[in-house]
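**Q** So that we are looking at the same thing, I have put the structure below in structure tokens.
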Amino acid sequence: MSKTDEELLREFQRGDEAAFATLYNRYRLPLYRFLARKLGNIARAEDITQEVFVAVVQHADEWREEASVKTYLYRIAFNRAVSELRRSEHKVMVAEKDTDPEDGPPPREAVSSDSPAENYELRERARLVREALQKIDPEFRDAILLKEYEDLKYEEIADILGIAVGTVKSRIFRGKLELKKRLEKVMRTEG
């Protein structure tokens, strides 16, 4: 039977580096995918994923089980992403060519078909959803990313975002409505 995240972090706090390696392997890709979607930049997502785990190593003794390890890791990632976005607002940058998180490791929700035409259609729909998602209010987008893409519970999302569970539910609902409107508009103009 595999150990819980909390057991692993406690073992790491006592010096077991293998426990940390297990946590790293368990959360490296989910955190990377979340950051790539949030930032829209796979290179920065990779860097910040590493920064999250460096922070865990540096501050492991500060974790006191007030939140689950999963929530703890996502909260660090979310805070670092927000800081990164604030910093990038103050810079004039040329967009990187490789800003699509789908170019990195395959996403959890990826669906493939034997038909090249169906594969193209699935990729195109995913692209349209990603583009529409980037255009909705960031508060809504964050809640949707954490719920729909990361499959976190409402309580976990509330802990990560520092808001009430009811607010999480409201943001997801309102965000989905906004997303639906944007996608309907895109479909009308492309159709």
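So you can find residues: chains in the structure tokens are A, B, ... in the order shown, residues in each start at 1, and ligands are numbered from 1 in order.
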Using only C-alpha atoms, which protein or nucleic acid residues come within 9 Å of range 159-165 of chain A? Drop anything in the same chain fewer than 6 positions from it, and give the result as a PDB file with N, CA and C atoms, in the first residue's frame.
**A**
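Now in out36.pdb:
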```pdb
ATOM      1  N   ALA A  67      -3.140  22.073   6.185  1.00  0.00           N
ATOM      2  CA  ALA A  67      -3.686  21.797   4.857  1.00  0.00           C
ATOM      3  C   ALA A  67      -3.079  20.487   4.379  1.00  0.00           C
ATOM      4  N   THR A  71      -2.803  20.352  -1.320  1.00  0.00           N
ATOM      5  CA  THR A  71      -3.219  21.751  -1.266  1.00  0.00           C
ATOM      6  C   THR A  71      -2.024  22.658  -1.037  1.00  0.00           C
ATOM      7  N   TYR A  72      -1.130  22.251  -0.158  1.00  0.00           N
ATOM      8  CA  TYR A  72       0.094  22.996   0.148  1.00  0.00           C
ATOM      9  C   TYR A  72       0.910  23.225  -1.127  1.00  0.00           C
ATOM     10  N   LEU A  73       1.102  22.168  -1.923  1.00  0.00           N
ATOM     11  CA  LEU A  73       1.881  22.270  -3.157  1.00  0.00           C
ATOM     12  C   LEU A  73       1.187  23.171  -4.187  1.00  0.00           C
ATOM     13  N   TYR A  74      -0.106  22.986  -4.361  1.00  0.00           N
ATOM     14  CA  TYR A  74      -0.832  23.819  -5.321  1.00  0.00           C
ATOM     15  C   TYR A  74      -0.872  25.275  -4.874  1.00  0.00           C
ATOM     16  N   ARG A  75      -0.948  25.502  -3.578  1.00  0.00           N
ATOM     17  CA  ARG A  75      -0.957  26.888  -3.076  1.00  0.00           C
ATOM     18  C   ARG A  75       0.380  27.565  -3.393  1.00  0.00           C
ATOM     19  N   ILE A  76       1.471  26.854  -3.173  1.00  0.00           N
ATOM     20  CA  ILE A  76       2.791  27.407  -3.507  1.00  0.00           C
ATOM     21  C   ILE A  76       2.848  27.701  -5.009  1.00  0.00           C
ATOM     22  N   PHE A  78       0.378  28.184  -7.135  1.00  0.00           N
ATOM     23  CA  PHE A  78      -0.533  29.278  -7.477  1.00  0.00           C
ATOM     24  C   PHE A  78       0.089  30.626  -7.118  1.00  0.00           C
ATOM     25  N   ASN A  79       0.634  30.734  -5.917  1.00  0.00           N
ATOM     26  CA  ASN A  79       1.246  31.996  -5.487  1.00  0.00           C
ATOM     27  C   ASN A  79       2.424  32.377  -6.377  1.00  0.00           C
ATOM     28  N   ASP A 142      -9.015  30.535 -12.773  1.00  0.00           N
ATOM     29  CA  ASP A 142      -8.281  29.779 -11.750  1.00  0.00           C
ATOM     30  C   ASP A 142      -9.154  28.695 -11.136  1.00  0.00           C
ATOM     31  N   ALA A 143     -10.384  29.051 -10.786  1.00  0.00           N
ATOM     32  CA  ALA A 143     -11.285  28.074 -10.177  1.00  0.00           C
ATOM     33  C   ALA A 143     -11.598  26.935 -11.150  1.00  0.00           C
TER      34      ALA A 143
END
```
**Q** Would you kindly return, as a VMD selection string, each protein, DNA or RNA residue with an atom no farther than 12 Å from any atom of Phe12 in chain A, considering only C-alpha atoms and excluding same-chain residues fewer than 3 positions away?
**A** chain A and resid 5 to 9 15 to 24 56 to 61 63
**Q** I want to know what sits within 10 Å of Asp47 in chain A, based on only C-alpha atoms, with residues of the same chain fewer than 5 positions away left out; could you give that as JSON, numbers by chain?
**A** {"A": [32, 35, 42, 52]}
**Q** Include N, CA and C atoms and write out the residues we just selected as an mmCIF file, in the first residue's frame.
**A**
```cif
data_model
loop_
_atom_site.group_PDB
_atom_site.id
_atom_site.type_symbol
_atom_site.label_atom_id
_atom_site.label_comp_id
_atom_site.auth_asym_id
_atom_site.auth_seq_id
_atom_site.Cartn_x
_atom_site.Cartn_y
_atom_site.Cartn_z
ATOM 1 N N TYR A 32 3.036 20.968 -13.071
ATOM 2 C CA TYR A 32 3.522 21.534 -14.331
ATOM 3 C C TYR A 32 2.342 21.876 -15.254
ATOM 4 N N LEU A 35 0.454 24.887 -13.988
ATOM 5 C CA LEU A 35 1.215 26.116 -14.212
ATOM 6 C C LEU A 35 1.267 26.483 -15.695
ATOM 7 N N ILE A 42 5.236 27.266 -21.316
ATOM 8 C CA ILE A 42 5.733 25.991 -20.793
ATOM 9 C C ILE A 42 7.122 26.104 -20.177
ATOM 10 N N VAL A 52 8.745 25.307 -6.902
ATOM 11 C CA VAL A 52 7.810 24.803 -5.896
ATOM 12 C C VAL A 52 8.498 23.744 -5.043
#
```
**Q** Which one is closest to Ala77 in chain A: A:Met187, A:Glu118, A:Asn41, A:Phe34? Count only C-alpha atoms.
**A**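 Ranking A:Met187, A:Glu118, A:Asn41, A:Phe34 by distance to Ala77 in chain A, first place goes to A:Phe34.
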**Q** Among range 5-164 of chain A, which residues carry a DSSP assignment of alpha helix (DSSP H), reported as a PyMOL selection string?
**A** chain A and resi 5-13+17-39+42-59+69-89+116-135+138-144+154-161
**Q** Report, in Å to a single decimal, how far apart CA of Ile48 in chain A and CA of Ala132 in chain A are.
**A** 24.0 Å
**Q** Using CA of Glu155 in chain A and CA of Phe140 in chain A as the two end points, give the distance in Å to one decimal.
**A**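 Here the two named atoms are 15.9 Å from each other.
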**Q** So which one's closest to Arg87 in chain A, A:Leu39, A:Arg182, A:Glu150, A:Gly175? Using only C-alpha atoms, please.
**A** A:Leu39
**Q** Would you kindly return, as a list in words, each protein, DNA or RNA residue with an atom no farther than 10 Å from any atom of Val129 in chain A, considering only C-alpha atoms and excluding same-chain residues fewer than 6 positions away?
**A**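 In the requested format, the answer is Arg123, Lys135, Leu179, Lys180, Arg182, Leu183 and Val186 of chain A.
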**Q** Go ahead and save the residues from that selection, with C-alpha atoms, as a PDB file, in the first residue's frame.
**A**
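Here's the written file again_16.pdb:
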```pdb
ATOM      1  CA  ARG A 123      -6.881  19.151 -30.989  1.00  0.00           C
ATOM      2  CA  LYS A 135      -9.942  35.343 -22.154  1.00  0.00           C
ATOM      3  CA  LEU A 179     -16.676  30.317 -21.260  1.00  0.00           C
ATOM      4  CA  LYS A 180     -19.817  28.960 -22.935  1.00  0.00           C
ATOM      5  CA  ARG A 182     -17.206  32.866 -25.726  1.00  0.00           C
ATOM      6  CA  LEU A 183     -17.201  29.427 -27.317  1.00  0.00           C
ATOM      7  CA  VAL A 186     -16.342  31.518 -31.795  1.00  0.00           C
TER       8      VAL A 186
END
```
**Q** State, in Å with one decimal place, the distance from CA of Ile172 in chain A to CA of Arg130 in chain A.
**A**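 Pair CA of Ile172 in chain A / CA of Arg130 in chain A returns 15.7 Å.
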**Q** Nearest to Ile136 in chain A: which of A:Glu124, A:Pro116, A:Ile157, A:Lys38 is it, counting only C-alpha atoms?
**A**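 Smallest separation from Ile136 in chain A among the options: A:Lys38.
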